[in-house]
>>> print(open('structure-v8.cif').read())   # mmCIF, C-alpha atoms
data_upload
loop_
_atom_site.label_atom_id
_atom_site.label_comp_id
_atom_site.auth_asym_id
_atom_site.auth_seq_id
_atom_site.Cartn_x
_atom_site.Cartn_y
_atom_site.Cartn_z
CA MET A 26 -16.76 -24.34 -16.44
CA ALA A 27 -13.55 -22.73 -15.21
CA ALA A 28 -12.59 -19.37 -16.72
CA ALA A 29 -9.69 -19.47 -19.18
CA SER A 30 -6.53 -17.41 -18.67
CA ILE A 31 -6.17 -14.09 -20.47
CA GLN A 32 -3.53 -13.15 -23.02
CA VAL A 33 -1.33 -10.18 -22.18
CA SER A 34 0.64 -8.08 -24.69
CA GLU A 35 3.73 -7.50 -22.62
CA THR A 36 5.27 -4.37 -24.05
CA PRO A 37 8.19 -3.18 -21.88
CA LEU A 38 6.05 -0.74 -19.86
CA VAL A 39 3.20 -3.24 -19.36
CA LEU A 40 5.67 -5.91 -18.26
CA TYR A 41 7.47 -3.50 -15.96
CA THR A 42 4.24 -2.41 -14.29
CA LEU A 43 2.92 -5.96 -13.99
CA ARG A 44 6.14 -7.10 -12.32
CA ARG A 45 5.73 -4.50 -9.55
CA ALA A 46 1.99 -5.12 -9.29
CA ASP A 47 2.59 -8.86 -8.91
CA ASP A 48 5.16 -8.26 -6.15
CA ALA A 49 2.62 -6.22 -4.21
CA LEU A 50 -0.32 -8.58 -4.79
CA ILE A 51 1.51 -11.78 -3.90
CA LEU A 52 3.20 -10.37 -0.81
CA GLY A 53 -0.07 -8.76 0.27
CA HIS A 54 -1.83 -12.10 -0.16
CA ARG A 55 0.82 -13.89 1.90
CA LEU A 56 0.27 -11.39 4.72
CA SER A 57 -3.48 -11.85 4.51
CA GLU A 58 -2.92 -15.55 5.26
CA TRP A 59 -1.91 -14.45 8.78
CA CYS A 60 -5.32 -12.94 9.41
CA GLY A 61 -6.62 -14.49 12.61
CA HIS A 62 -3.36 -16.42 13.18
CA ALA A 63 -0.82 -13.77 14.20
CA PRO A 64 0.93 -14.11 17.58
CA MET A 65 -1.20 -11.30 19.06
CA LEU A 66 -4.10 -9.07 18.14
CA GLU A 67 -2.04 -5.94 17.45
CA GLU A 68 0.22 -7.88 15.11
CA ASP A 69 -2.75 -9.47 13.40
CA MET A 70 -3.98 -5.97 12.58
CA ALA A 71 -0.54 -4.75 11.60
CA LEU A 72 -0.01 -7.58 9.09
CA ALA A 73 -3.50 -7.08 7.66
CA ASN A 74 -2.84 -3.32 7.39
CA ILE A 75 0.45 -3.83 5.57
CA GLY A 76 -1.21 -6.41 3.32
CA LEU A 77 -3.96 -3.91 2.55
CA ASP A 78 -1.44 -1.22 1.61
CA LEU A 79 0.21 -3.68 -0.76
CA LEU A 80 -3.12 -4.71 -2.25
CA GLY A 81 -3.90 -1.04 -2.84
CA GLN A 82 -0.56 -0.53 -4.57
CA ALA A 83 -1.23 -3.61 -6.70
CA ARG A 84 -4.63 -2.26 -7.76
CA GLU A 85 -3.20 1.07 -8.90
CA LEU A 86 -0.43 -0.67 -10.80
CA TYR A 87 -2.73 -3.24 -12.46
CA SER A 88 -5.15 -0.50 -13.51
CA TYR A 89 -2.29 1.43 -15.05
CA ALA A 90 -0.95 -1.68 -16.83
CA ALA A 91 -4.44 -2.24 -18.25
CA LYS A 92 -4.59 1.33 -19.50
CA VAL A 93 -1.16 1.11 -21.11
CA GLU A 94 -1.91 -2.26 -22.67
CA GLY A 95 -5.18 -0.94 -24.09
CA ASN A 96 -6.85 -4.33 -24.53
CA CYS A 97 -9.90 -5.19 -22.49
CA ASN A 98 -7.95 -6.45 -19.50
CA ASP A 99 -8.44 -4.83 -16.10
CA GLU A 100 -7.08 -5.09 -12.56
CA ASP A 101 -9.30 -8.06 -11.70
CA LYS A 102 -8.42 -10.02 -14.82
CA PHE A 103 -4.70 -9.48 -14.25
CA ALA A 104 -5.02 -10.76 -10.70
CA SER A 105 -7.49 -13.58 -11.22
CA LEU A 106 -7.04 -14.82 -14.75
CA ARG A 107 -3.33 -15.28 -15.32
CA ASP A 108 -1.64 -18.62 -14.77
CA VAL A 109 1.53 -19.23 -12.75
CA ARG A 110 3.85 -18.80 -15.72
CA GLN A 111 2.27 -15.43 -16.52
CA TYR A 112 3.04 -14.06 -13.06
CA ARG A 113 6.14 -11.83 -12.90
CA ASN A 114 6.75 -11.37 -9.18
CA LEU A 115 9.99 -11.82 -7.27
CA LEU A 116 10.55 -15.32 -5.90
CA LEU A 117 11.08 -13.72 -2.49
CA VAL A 118 7.47 -12.58 -2.09
CA GLU A 119 5.97 -15.98 -2.87
CA ARG A 120 8.01 -17.75 -0.16
CA PRO A 121 5.60 -19.42 2.27
CA ASN A 122 4.92 -17.62 5.55
CA GLY A 123 6.72 -20.27 7.59
CA ASP A 124 7.02 -19.17 11.21
CA PHE A 125 6.68 -15.53 12.29
CA ALA A 126 10.44 -14.96 11.89
CA GLN A 127 10.32 -16.14 8.26
CA THR A 128 7.44 -13.77 7.53
CA MET A 129 9.21 -10.85 9.20
CA ALA A 130 12.56 -11.48 7.50
CA ARG A 131 10.83 -11.70 4.10
CA GLN A 132 8.97 -8.47 4.81
CA PHE A 133 12.13 -6.79 6.08
CA PHE A 134 14.21 -7.63 2.99
CA TYR A 135 11.40 -6.44 0.73
CA ALA A 136 10.45 -3.29 2.69
CA ALA A 137 14.08 -2.16 2.90
CA PHE A 138 14.09 -2.39 -0.89
CA ALA A 139 10.61 -0.94 -1.52
CA ASP A 140 11.38 2.06 0.67
CA LEU A 141 14.35 3.02 -1.52
CA TYR A 142 12.69 1.95 -4.74
CA TRP A 143 9.49 3.99 -4.38
CA ARG A 144 11.37 7.05 -3.21
CA ALA A 145 13.54 6.87 -6.33
CA MET A 146 10.51 6.21 -8.55
CA MET A 147 8.94 9.52 -7.49
CA ALA A 148 11.31 11.06 -10.03
CA SER A 149 10.10 8.80 -12.87
CA ARG A 150 9.24 10.56 -16.12
CA ASP A 151 6.10 8.43 -16.18
CA THR A 152 3.68 10.63 -14.21
CA THR A 153 1.35 7.79 -13.17
CA LEU A 154 4.18 5.62 -11.85
CA ALA A 155 5.60 8.69 -10.09
CA ALA A 156 2.19 9.35 -8.48
CA ILE A 157 1.84 5.74 -7.33
CA ALA A 158 5.39 5.97 -5.96
CA ALA A 159 4.56 9.12 -3.97
CA LYS A 160 1.88 7.19 -2.07
CA SER A 161 3.77 3.93 -1.76
CA GLU A 162 6.95 5.46 -0.37
CA LYS A 163 5.21 6.69 2.79
CA GLU A 164 3.54 3.32 3.29
CA SER A 165 6.80 1.46 2.71
CA ALA A 166 8.52 3.65 5.30
CA TYR A 167 6.00 2.53 7.94
CA HIS A 168 6.39 -1.11 6.86
CA LEU A 169 10.15 -0.92 7.08
CA ARG A 170 10.09 0.60 10.54
CA HIS A 171 7.65 -2.04 11.76
CA CYS A 172 9.60 -5.06 10.57
CA SER A 173 12.98 -3.57 11.49
CA GLU A 174 11.75 -3.37 15.09
CA TRP A 175 10.61 -6.98 14.91
CA MET A 176 13.94 -8.16 13.48
CA VAL A 177 15.71 -6.58 16.47
CA ARG A 178 13.18 -7.96 18.95
CA LEU A 179 13.46 -11.48 17.52
CA GLY A 180 17.20 -11.50 16.87
CA ASP A 181 18.13 -9.94 20.19
CA GLY A 182 15.40 -11.81 22.09
CA THR A 183 15.51 -15.34 23.44
CA ASP A 184 17.81 -18.12 22.21
CA GLU A 185 14.85 -19.64 20.40
CA SER A 186 13.75 -16.41 18.67
CA HIS A 187 17.37 -15.68 17.73
CA ARG A 188 17.82 -19.14 16.24
CA ARG A 189 14.62 -18.84 14.20
CA ALA A 190 15.37 -15.30 13.01
CA GLN A 191 18.88 -16.30 11.94
CA SER A 192 17.57 -19.31 10.10
CA ALA A 193 14.98 -17.11 8.31
CA VAL A 194 17.70 -14.69 7.19
CA ASP A 195 19.84 -17.61 5.98
CA ASP A 196 16.94 -19.22 4.10
CA LEU A 197 15.73 -16.08 2.35
CA TRP A 198 19.04 -14.46 1.51
CA ALA A 199 19.38 -16.18 -1.87
CA TYR A 200 16.05 -14.67 -2.95
CA THR A 201 17.15 -11.05 -2.48
CA GLY A 202 19.31 -10.79 -5.61
CA GLU A 203 16.38 -10.60 -8.01
CA MET A 204 15.34 -7.18 -6.66
CA PHE A 205 18.47 -5.63 -8.13
CA GLN A 206 18.42 -7.20 -11.57
CA ALA A 207 17.20 -5.69 -14.83
CA ASP A 208 16.72 -7.35 -18.23
CA ASP A 209 16.93 -5.68 -21.65
CA SER A 210 13.31 -4.63 -21.61
CA GLU A 211 13.87 -2.78 -18.33
CA ARG A 212 17.13 -1.25 -19.43
CA GLY A 213 15.31 0.63 -22.18
CA LEU A 214 12.93 2.09 -19.59
CA ILE A 215 15.83 3.00 -17.31
CA GLU A 216 17.48 4.89 -20.16
CA ALA A 217 14.20 6.69 -20.86
CA GLY A 218 14.01 7.86 -17.23
CA ILE A 219 10.85 5.84 -16.60
CA ALA A 220 12.35 3.06 -14.49
CA VAL A 221 14.93 3.12 -11.73
CA ASP A 222 18.17 1.19 -12.07
CA THR A 223 17.77 -0.90 -8.93
CA ALA A 224 21.36 -2.14 -9.08
CA GLY A 225 22.28 1.35 -7.93
CA LEU A 226 20.05 1.00 -4.86
CA ARG A 227 21.78 -2.12 -3.58
CA PRO A 228 24.61 -0.47 -1.58
CA ARG A 229 22.10 1.58 0.43
CA TRP A 230 19.80 -1.41 0.83
CA LEU A 231 22.71 -3.46 2.13
CA GLN A 232 23.58 -0.66 4.53
CA THR A 233 20.05 -0.63 6.01
CA VAL A 234 19.93 -4.41 6.19
CA THR A 235 23.35 -4.73 7.79
CA SER A 236 22.72 -2.04 10.34
CA VAL A 237 19.37 -3.48 11.50
CA LEU A 238 20.69 -7.04 11.53
CA SER A 239 23.75 -6.06 13.49
CA GLU A 240 21.53 -4.42 16.13
CA ALA A 241 19.53 -7.65 16.06
CA THR A 242 22.76 -9.65 16.65
CA LEU A 243 22.08 -11.47 13.37
CA THR A 244 24.49 -12.01 10.51
CA LEU A 245 24.16 -12.23 6.74
CA PRO A 246 25.33 -15.43 5.08
CA ASN A 247 28.61 -15.29 3.14
CA ASN A 248 27.01 -17.02 0.22
CA ASP A 249 26.54 -14.69 -2.77
CA TRP A 250 24.79 -17.15 -5.06
CA MET A 251 21.34 -15.79 -5.92
CA GLN A 252 18.19 -17.56 -7.06
CA GLN A 253 16.23 -16.05 -9.96
CA GLY A 254 13.40 -16.67 -12.42
CA GLY A 255 10.28 -14.98 -11.03
CA ARG A 256 10.52 -11.97 -13.32
CA PHE A 257 10.30 -14.38 -16.29
CA GLY A 258 7.52 -16.57 -14.95
CA ARG A 259 9.75 -19.35 -13.58
CA HIS A 260 8.37 -19.81 -10.09
CA SER A 261 8.72 -22.09 -7.12
CA GLU A 262 6.00 -24.69 -6.52
CA HIS A 263 4.52 -22.43 -3.84
CA LEU A 264 3.02 -19.84 -6.19
CA GLY A 265 0.63 -22.28 -7.87
CA HIS A 266 -0.90 -23.19 -4.51
CA LEU A 267 -1.22 -19.54 -3.58
CA LEU A 268 -2.94 -18.70 -6.88
CA ALA A 269 -5.30 -21.66 -6.55
CA GLU A 270 -6.65 -20.01 -3.43
CA LEU A 271 -6.44 -16.40 -4.66
CA GLN A 272 -8.17 -17.16 -7.96
CA SER A 273 -10.64 -19.89 -7.05
CA MET A 274 -13.73 -17.64 -7.01
CA GLN A 275 -13.13 -15.98 -10.39
CA ARG A 276 -12.02 -19.24 -12.00
CA THR A 277 -15.10 -21.06 -10.74
CA PHE A 278 -17.64 -18.27 -11.22
CA PRO A 279 -16.21 -16.13 -14.05
CA GLY A 280 -17.05 -12.45 -13.69
CA ALA A 281 -18.68 -12.89 -10.26
CA THR A 282 -19.16 -9.61 -8.39
CA TRP A 283 -20.50 -8.70 -4.98
CA MET W 29 -31.56 27.26 -17.71
CA GLN W 30 -28.83 27.28 -15.10
CA SER W 31 -25.25 28.27 -15.83
CA ASP W 32 -22.35 25.86 -15.61
CA ALA W 33 -21.10 27.84 -12.62
CA ASP W 34 -24.36 27.29 -10.74
CA LEU W 35 -24.41 23.61 -11.64
CA ARG W 36 -20.82 23.24 -10.53
CA GLN W 37 -21.57 24.94 -7.20
CA ARG W 38 -24.61 22.73 -6.58
CA ALA W 39 -22.60 19.64 -7.41
CA TRP W 40 -19.70 20.74 -5.19
CA ASP W 41 -22.02 21.45 -2.27
CA ALA W 42 -23.69 18.06 -2.64
CA ALA W 43 -20.40 16.13 -2.98
CA ALA W 44 -18.81 18.08 -0.12
CA GLN W 45 -21.46 16.69 2.27
CA VAL W 46 -20.35 13.09 1.73
CA VAL W 47 -18.67 11.73 4.86
CA ASP W 48 -15.87 9.24 5.32
CA PRO W 49 -17.62 5.95 6.17
CA GLU W 50 -14.84 5.06 8.65
CA ILE W 51 -14.76 8.47 10.38
CA PRO W 52 -18.25 9.83 9.88
CA VAL W 53 -17.51 13.20 11.52
CA LEU W 54 -15.28 14.15 8.58
CA THR W 55 -16.59 15.11 5.17
CA ILE W 56 -14.52 14.40 2.08
CA ALA W 57 -14.06 18.18 1.78
CA ASP W 58 -12.55 18.28 5.30
CA LEU W 59 -10.25 15.41 4.36
CA GLY W 60 -9.05 16.98 1.13
CA VAL W 61 -10.26 13.90 -0.76
CA LEU W 62 -12.60 16.02 -2.89
CA ARG W 63 -10.22 17.61 -5.37
CA ASP W 64 -12.27 19.18 -8.08
CA VAL W 65 -15.69 19.48 -9.66
CA THR W 66 -15.96 20.50 -13.30
CA VAL W 67 -18.77 20.80 -15.79
CA ARG W 68 -18.06 19.76 -19.34
CA ASN W 69 -20.84 19.79 -21.95
CA GLY W 70 -23.40 19.57 -19.19
CA CYS W 71 -21.69 16.59 -17.56
CA VAL W 72 -20.57 16.98 -13.95
CA GLU W 73 -17.16 15.43 -13.29
CA VAL W 74 -16.04 14.95 -9.72
CA ALA W 75 -12.36 14.23 -9.04
CA ILE W 76 -11.39 12.51 -5.81
CA THR W 77 -7.98 11.37 -4.64
CA PRO W 78 -7.31 8.21 -2.65
CA THR W 79 -5.92 8.61 0.86
CA TYR W 80 -4.07 5.36 1.56
CA SER W 81 -3.44 3.03 -1.40
CA GLY W 82 -5.58 0.25 0.01
CA CYS W 83 -8.24 2.33 1.72
CA PRO W 84 -11.48 0.37 1.19
CA ALA W 85 -13.51 3.51 1.89
CA MET W 86 -12.76 4.91 -1.56
CA ASN W 87 -15.28 2.72 -3.40
CA MET W 88 -17.90 3.62 -0.84
CA ILE W 89 -17.08 7.33 -1.14
CA ALA W 90 -17.38 7.25 -4.94
CA LEU W 91 -20.76 5.55 -4.61
CA GLU W 92 -21.93 8.07 -2.00
CA ILE W 93 -20.98 10.95 -4.31
CA GLU W 94 -23.00 9.39 -7.13
CA LEU W 95 -25.97 9.13 -4.79
CA ALA W 96 -25.56 12.71 -3.52
CA LEU W 97 -25.51 14.04 -7.08
CA ALA W 98 -28.49 11.90 -8.02
CA ARG W 99 -30.44 13.34 -5.09
CA GLU W 100 -29.64 16.80 -6.48
CA GLY W 101 -31.19 15.70 -9.75
CA ILE W 102 -27.86 15.64 -11.57
CA ALA W 103 -28.18 12.75 -13.97
CA ASP W 104 -25.18 13.38 -16.20
CA ARG W 105 -22.24 12.74 -13.87
CA LYS W 106 -18.91 10.98 -13.51
CA VAL W 107 -16.65 10.29 -10.54
CA HIS W 108 -13.01 9.61 -11.22
CA THR W 109 -9.87 9.35 -9.14
CA VAL W 110 -6.72 11.42 -9.60
CA LEU W 111 -3.44 10.13 -8.22
CA SER W 112 -1.28 13.19 -8.54
CA PRO W 113 -0.44 15.14 -6.48
CA ALA W 114 -0.54 12.42 -3.84
CA TRP W 115 -2.88 13.01 -0.91
CA THR W 116 -1.27 14.01 2.34
CA THR W 117 -2.63 14.53 5.85
CA ASP W 118 -1.52 18.17 5.48
CA TRP W 119 -4.64 18.68 3.35
CA LEU W 120 -6.87 18.03 6.32
CA SER W 121 -8.69 21.32 7.00
CA GLU W 122 -8.47 23.17 10.34
CA ASP W 123 -12.14 22.46 10.78
CA GLY W 124 -11.48 18.79 10.09
CA ARG W 125 -8.72 18.68 12.68
CA ARG W 126 -11.01 20.19 15.29
CA LYS W 127 -13.79 17.69 14.45
CA LEU W 128 -11.33 14.79 14.72
CA ARG W 129 -10.14 15.98 18.13
CA ASP W 130 -13.74 16.34 19.37
CA TYR W 131 -14.43 12.82 18.10
CA GLY W 132 -11.56 11.48 20.23
CA ILE W 133 -9.01 10.93 17.46
CA VAL W 134 -5.77 12.88 17.71
CA PRO W 135 -5.20 14.72 14.41
CA PRO W 136 -1.93 14.17 12.52
CA ARG W 137 0.94 16.52 13.05
CA ALA W 138 1.36 19.05 10.27
CA GLY W 139 4.31 18.67 7.91
CA SER W 140 4.03 15.15 6.57
CA GLY W 141 7.67 14.84 5.53
CA ARG W 142 9.71 11.83 6.55
CA ARG W 143 10.76 13.61 9.72
CA ALA W 144 7.15 13.93 10.91
CA LEU W 145 6.51 10.36 9.82
CA PHE W 146 9.20 9.09 12.14
CA GLY W 147 9.21 11.73 14.82
CA GLU W 148 5.90 11.12 16.60
CA VAL W 149 7.51 11.29 20.00
CA MET W 150 4.65 12.87 21.92
CA VAL W 151 0.99 12.44 21.10
CA PRO W 152 -1.20 14.04 23.80
CA CYS W 153 -4.20 12.15 25.16
CA PRO W 154 -7.46 13.45 23.64
CA GLN W 155 -9.30 12.63 26.89
CA CYS W 156 -7.19 14.17 29.64
CA GLU W 157 -4.57 16.01 27.56
CA SER W 158 -1.74 14.31 29.41
CA GLY W 159 1.49 14.03 27.46
CA ASP W 160 2.35 10.76 29.23
CA THR W 161 1.25 8.39 26.47
CA GLU W 162 2.62 5.33 24.69
CA LEU W 163 2.30 3.75 21.26
CA LEU W 164 0.55 0.38 21.44
CA SER W 165 0.53 -0.40 17.73
CA GLU W 166 1.62 1.46 14.63
CA PHE W 167 -1.27 -0.14 12.76
CA GLY W 168 -4.71 0.52 14.21
CA SER W 169 -8.32 -0.22 13.38
CA THR W 170 -8.05 1.39 9.91
CA SER W 171 -5.12 2.14 7.56
CA CYS W 172 -5.03 5.76 8.68
CA LYS W 173 -4.78 5.22 12.41
CA ALA W 174 -2.29 4.08 15.05
CA LEU W 175 -3.32 2.84 18.50
CA TRP W 176 -2.02 4.70 21.56
CA ARG W 177 -2.66 4.55 25.29
CA CYS W 178 -2.64 7.28 27.91
CA LYS W 179 -0.59 6.34 30.95
CA SER W 180 -2.35 8.94 33.11
CA CYS W 181 -6.02 8.12 32.53
CA ARG W 182 -5.30 4.60 31.11
CA GLU W 183 -7.64 5.18 28.16
CA PRO W 184 -6.61 3.82 24.77
CA PHE W 185 -7.06 6.23 21.84
CA ASP W 186 -6.54 6.54 18.09
CA TYR W 187 -3.98 8.74 16.43
CA PHE W 188 -4.46 9.74 12.79
CA LYS W 189 -1.07 8.90 11.26
CA CYS W 190 0.96 11.34 9.21
CA HIS W 191 0.89 10.47 5.55
#
>>> encode(input="structure-v8.cif", output="structure tokens")
Amino acid sequence: MAAASIQVSETPLVLYTLRRADDALILGHRLSEWCGHAPMLEEDMALANIGLDLLGQARELYSYAAKVEGNCNDEDKFASLRDVRQYRNLLLVERPNGDFAQTMARQFFYAAFADLYWRAMMASRDTTLAAIAAKSEKESAYHLRHCSEWMVRLGDGTDESHRRAQSAVDDLWAYTGEMFQADDSERGLIEAGIAVDTAGLRPRWLQTVTSVLSEATLTLPNNDWMQQGGRFGRHSEHLGHLLAELQSMQRTFPGATW
Amino acid sequence: MQSDADLRQRAWDAAAQVVDPEIPVLTIADLGVLRDVTVRNGCVEVAITPTYSGCPAMNMIALEIELALAREGIADRKVHTVLSPAWTTDWLSEDGRRKLRDYGIVPPRAGSGRRALFGEVMVPCPQCESGDTELLSEFGSTSCKALWRCKSCREPFDYFKCH
């Protein structure tokens, strides 16, 4: 019999932590899908490495969410026993891998954000989140450098790589707005000095993005309309498929360990 | 009856022998992963800190510490992880750096600030010491290493990344 989903008491801090944990888990899982399929061996290892960093960040965040929530949930239950609508990640990170340019553009938009976000979170009044941030910011810096180089290589490469990179930027652009939004539950944490007001990070994010893309001879779309919903559990059809794979073992054999 | 101080010392010595499963020439004491050993009401508590967020060696290290303490006859024991302050490659001991070099892995540059993170312009070859080397991949065989190649002796080698 398949394992049932857990209930989560989403107080503002639990919700906030789960949102960031879900970003890291889902993006890390997407990268793991490249394992054995990347264009070359070095890149296969790089994507797996970045995915592993994200998985590690997710584990720390889930464990902290479990501690704050104080029920009997834990990192594994959060990852394996919540349904699509209970997931709180950005729509950006659940976008399918597509071709290599799509994967790199998705990673680039996110890493440019994560780099700023974790650095700012090191000053959080929440000591655990600040400690997780101190680790994650160094990792994010490596990730950002890696995918920035790829954006330039692809954009300023052949006609074909340029066309694909531009189309990836165009396709994913509408999913970048969610990173800079906060709802009422987050605003309380921002006022308490626990969370970072990400809206304030956007000008610097845009600066990084524009400068790398201009070196890559790529342009940002003029369209400012942004997609949203992931933070509230309204996801694209892609997340359900991803979770079916990610959760199949625990759903089929509840509590299995190895 | 032994004192808490003796027990603590025995536990520290046992835990300090545990090696990193990925780089078996380094002990967790060399790495700076072993943070603290305390004795509270007869219970030995060992605090370790993770290196890289996703480093799969941490579970193995915690298990190895348990086993090392058990071999010392310490039954009442706990291993827990502390996140703050965050581990940095600057905690790698001088001895650890020398062991890494002898093992063929170039130790990280000191000063793990963002400048060091992004300023790895010259990493000398651990084989022939030539400075004529190139970065092959930022992400190597484990989370902590990058893959380089020496252009003089043509040997590939690992570089322990700044963190």
>>> closest_residue(input="structure-v8.cif", among="A:Arg189, A:Lys163, A:Arg178, A:Arg144", to="chain W", atoms="all atoms listed in the file")
A:Lys163
>>> closest_atom_pairs(input="structure-v8.cif", of="chain A", to="chain W", cutoff="10 Å", atoms="all atoms listed in the file", output="CSV")
residue,atom,partner,partner_atom,distance
A:Leu66,CA,W:Ser165,CA,9.8
A:Glu67,CA,W:Ser165,CA,6.1
A:Glu68,CA,W:Ser165,CA,7.9
A:Asp69,CA,W:Phe167,CA,9.5
A:Met70,CA,W:Phe167,CA,6.4
A:Ala71,CA,W:Phe167,CA,4.8
A:Leu72,CA,W:Phe167,CA,8.4
A:Ala73,CA,W:Phe167,CA,8.9
A:Asn74,CA,W:Ser171,CA,5.9
A:Ile75,CA,W:Phe167,CA,8.3
A:Gly76,CA,W:Gly82,CA,8.6
A:Leu77,CA,W:Gly82,CA,5.1
A:Asp78,CA,W:Gly82,CA,4.7
A:Leu79,CA,W:Gly82,CA,7.0
A:Leu80,CA,W:Gly82,CA,6.0
A:Gly81,CA,W:Gly82,CA,3.6
A:Gln82,CA,W:Ser81,CA,5.6
A:Ala83,CA,W:Ser81,CA,8.8
A:Arg84,CA,W:Gly82,CA,8.2
A:Glu85,CA,W:Ser81,CA,7.8
A:Thr152,CA,W:Ser112,CA,8.0
A:Thr153,CA,W:Leu111,CA,7.3
A:Leu154,CA,W:Leu111,CA,9.6
A:Ala155,CA,W:Ser112,CA,8.4
A:Ala156,CA,W:Ser112,CA,5.2
A:Ile157,CA,W:Leu111,CA,6.9
A:Ala158,CA,W:Ala114,CA,9.0
A:Ala159,CA,W:Ala114,CA,6.1
A:Lys160,CA,W:Ala114,CA,6.0
A:Ser161,CA,W:Ser81,CA,7.3
A:Glu162,CA,W:Arg142,CA,9.8
A:Lys163,CA,W:His191,CA,6.4
A:Glu164,CA,W:His191,CA,8.0
A:Ala166,CA,W:Leu145,CA,8.3
A:Tyr167,CA,W:Glu166,CA,8.1
A:His168,CA,W:Glu166,CA,9.5
A:Arg170,CA,W:Phe146,CA,8.7
A:His171,CA,W:Glu166,CA,7.5
>>> resolve_selection(input="structure-v8.cif", expression="the PyMOL selection byres ((chain A and resi 256) around 10)", output="MDAnalysis selection string")
chainID A and resid 40:41 43:45 47:48 110:116 203:204 206:208 253:255 257:260
>>> closest_residue(input="structure-v8.cif", among="W:Val74, W:Ala96, W:Val46, W:Ala138", to="W:Ser121", atoms="only C-alpha atoms")
W:Ala138
>>> closest_residue(input="structure-v8.cif", among="A:Ile31, A:Val234, A:Met251, A:Met129", to="A:Ser105", atoms="all atoms listed in the file")
A:Ile31
>>> resolve_selection(input="structure-v8.cif", expression="the PyMOL selection byres ((chain A and resi 172) around 10)", output="ChimeraX atom specification")
/A:128-134,136-137,167-171,173-178,237
>>> residues_around(input="structure-v8.cif", residues="A:Leu231", least_positions_apart="2", cutoff="12 Å", atoms="all atoms listed in the file", output="ChimeraX atom specification")
/A:133-135,137-138,141,198,201-202,205,224-229,233-239,245
>>> write_last_selection(input="structure-v8.cif", atoms="C-alpha atoms", output="compact mmCIF listing (two decimals), in the coordinates of the input")
# COMPACT_ATOMS: atom_id res chain seq x y z
CA PHE A 133 12.13 -6.79 6.08
CA PHE A 134 14.21 -7.63 2.99
CA TYR A 135 11.40 -6.44 0.73
CA ALA A 137 14.08 -2.16 2.90
CA PHE A 138 14.09 -2.39 -0.89
CA LEU A 141 14.35 3.02 -1.52
CA TRP A 198 19.04 -14.46 1.51
CA THR A 201 17.15 -11.05 -2.48
CA GLY A 202 19.31 -10.79 -5.61
CA PHE A 205 18.47 -5.63 -8.13
CA ALA A 224 21.36 -2.14 -9.08
CA GLY A 225 22.28 1.35 -7.93
CA LEU A 226 20.05 1.00 -4.86
CA ARG A 227 21.78 -2.12 -3.58
CA PRO A 228 24.61 -0.47 -1.58
CA ARG A 229 22.10 1.58 0.43
CA THR A 233 20.05 -0.63 6.01
CA VAL A 234 19.93 -4.41 6.19
CA THR A 235 23.35 -4.73 7.79
CA SER A 236 22.72 -2.04 10.34
CA VAL A 237 19.37 -3.48 11.50
CA LEU A 238 20.69 -7.04 11.53
CA SER A 239 23.75 -6.06 13.49
CA LEU A 245 24.16 -12.23 6.74
>>> atom_distance(input="structure-v8.cif", atom1="atom CA of W:Glu183", atom2="atom CA of W:Val151")
13.3 Å
>>> residues_around(input="structure-v8.cif", residues="stretch 271-277 of chain A", least_positions_apart="3", cutoff="6 Å", atoms="all atoms listed in the file", output="number ranges by chain")
A: 27-28, 105, 268
>>> resolve_selection(input="structure-v8.cif", expression="the PyMOL selection byres ((chain W and resi 62-66) around 8)", output="PyMOL selection string")
chain W and resi 36+39-40+43-44+56-57+59-61+67-68+72-77
>>> write_last_selection(input="structure-v8.cif", atoms="C-alpha atoms", output="mmCIF file, in the frame of the given file")
data_model
loop_
_atom_site.group_PDB
_atom_site.id
_atom_site.type_symbol
_atom_site.label_atom_id
_atom_site.label_comp_id
_atom_site.auth_asym_id
_atom_site.auth_seq_id
_atom_site.Cartn_x
_atom_site.Cartn_y
_atom_site.Cartn_z
ATOM 1 C CA ARG W 36 -20.820 23.240 -10.530
ATOM 2 C CA ALA W 39 -22.600 19.640 -7.410
ATOM 3 C CA TRP W 40 -19.700 20.740 -5.190
ATOM 4 C CA ALA W 43 -20.400 16.130 -2.980
ATOM 5 C CA ALA W 44 -18.810 18.080 -0.120
ATOM 6 C CA ILE W 56 -14.520 14.400 2.080
ATOM 7 C CA ALA W 57 -14.060 18.180 1.780
ATOM 8 C CA LEU W 59 -10.250 15.410 4.360
ATOM 9 C CA GLY W 60 -9.050 16.980 1.130
ATOM 10 C CA VAL W 61 -10.260 13.900 -0.760
ATOM 11 C CA VAL W 67 -18.770 20.800 -15.790
ATOM 12 C CA ARG W 68 -18.060 19.760 -19.340
ATOM 13 C CA VAL W 72 -20.570 16.980 -13.950
ATOM 14 C CA GLU W 73 -17.160 15.430 -13.290
ATOM 15 C CA VAL W 74 -16.040 14.950 -9.720
ATOM 16 C CA ALA W 75 -12.360 14.230 -9.040
ATOM 17 C CA ILE W 76 -11.390 12.510 -5.810
ATOM 18 C CA THR W 77 -7.980 11.370 -4.640
#
>>> residues_around(input="structure-v8.cif", residues="W:Leu120", least_positions_apart="2", cutoff="7 Å", atoms="all atoms listed in the file", output="list in words")
Asp58, Leu59, Gly60, Thr117, Asp118, Glu122, Gly124 and Arg125 of chain W
>>> closest_residue(input="structure-v8.cif", among="A:Leu38, A:Leu117, A:Val221, A:Leu86", to="A:Ala104", atoms="all atoms listed in the file")
A:Leu86
>>> atom_distance(input="structure-v8.cif", atom1="atom CA of A:Leu197", atom2="atom CA of A:Pro121")
10.7 Å
>>> decode(input="structure-v8.cif", residues="stretch 58-62 of chain W", atoms="C-alpha atoms", output="short mmCIF file (atom, residue, chain, number, x, y, z; two decimals), in the first residue's frame")
data_model
loop_
_atom_site.label_atom_id
_atom_site.label_comp_id
_atom_site.auth_asym_id
_atom_site.auth_seq_id
_atom_site.Cartn_x
_atom_site.Cartn_y
_atom_site.Cartn_z
CA ASP W 58 43.51 17.56 10.26
CA LEU W 59 40.43 18.71 8.34
CA GLY W 60 38.99 20.73 11.19
CA VAL W 61 35.80 18.66 10.98
CA LEU W 62 36.19 17.51 14.59
#
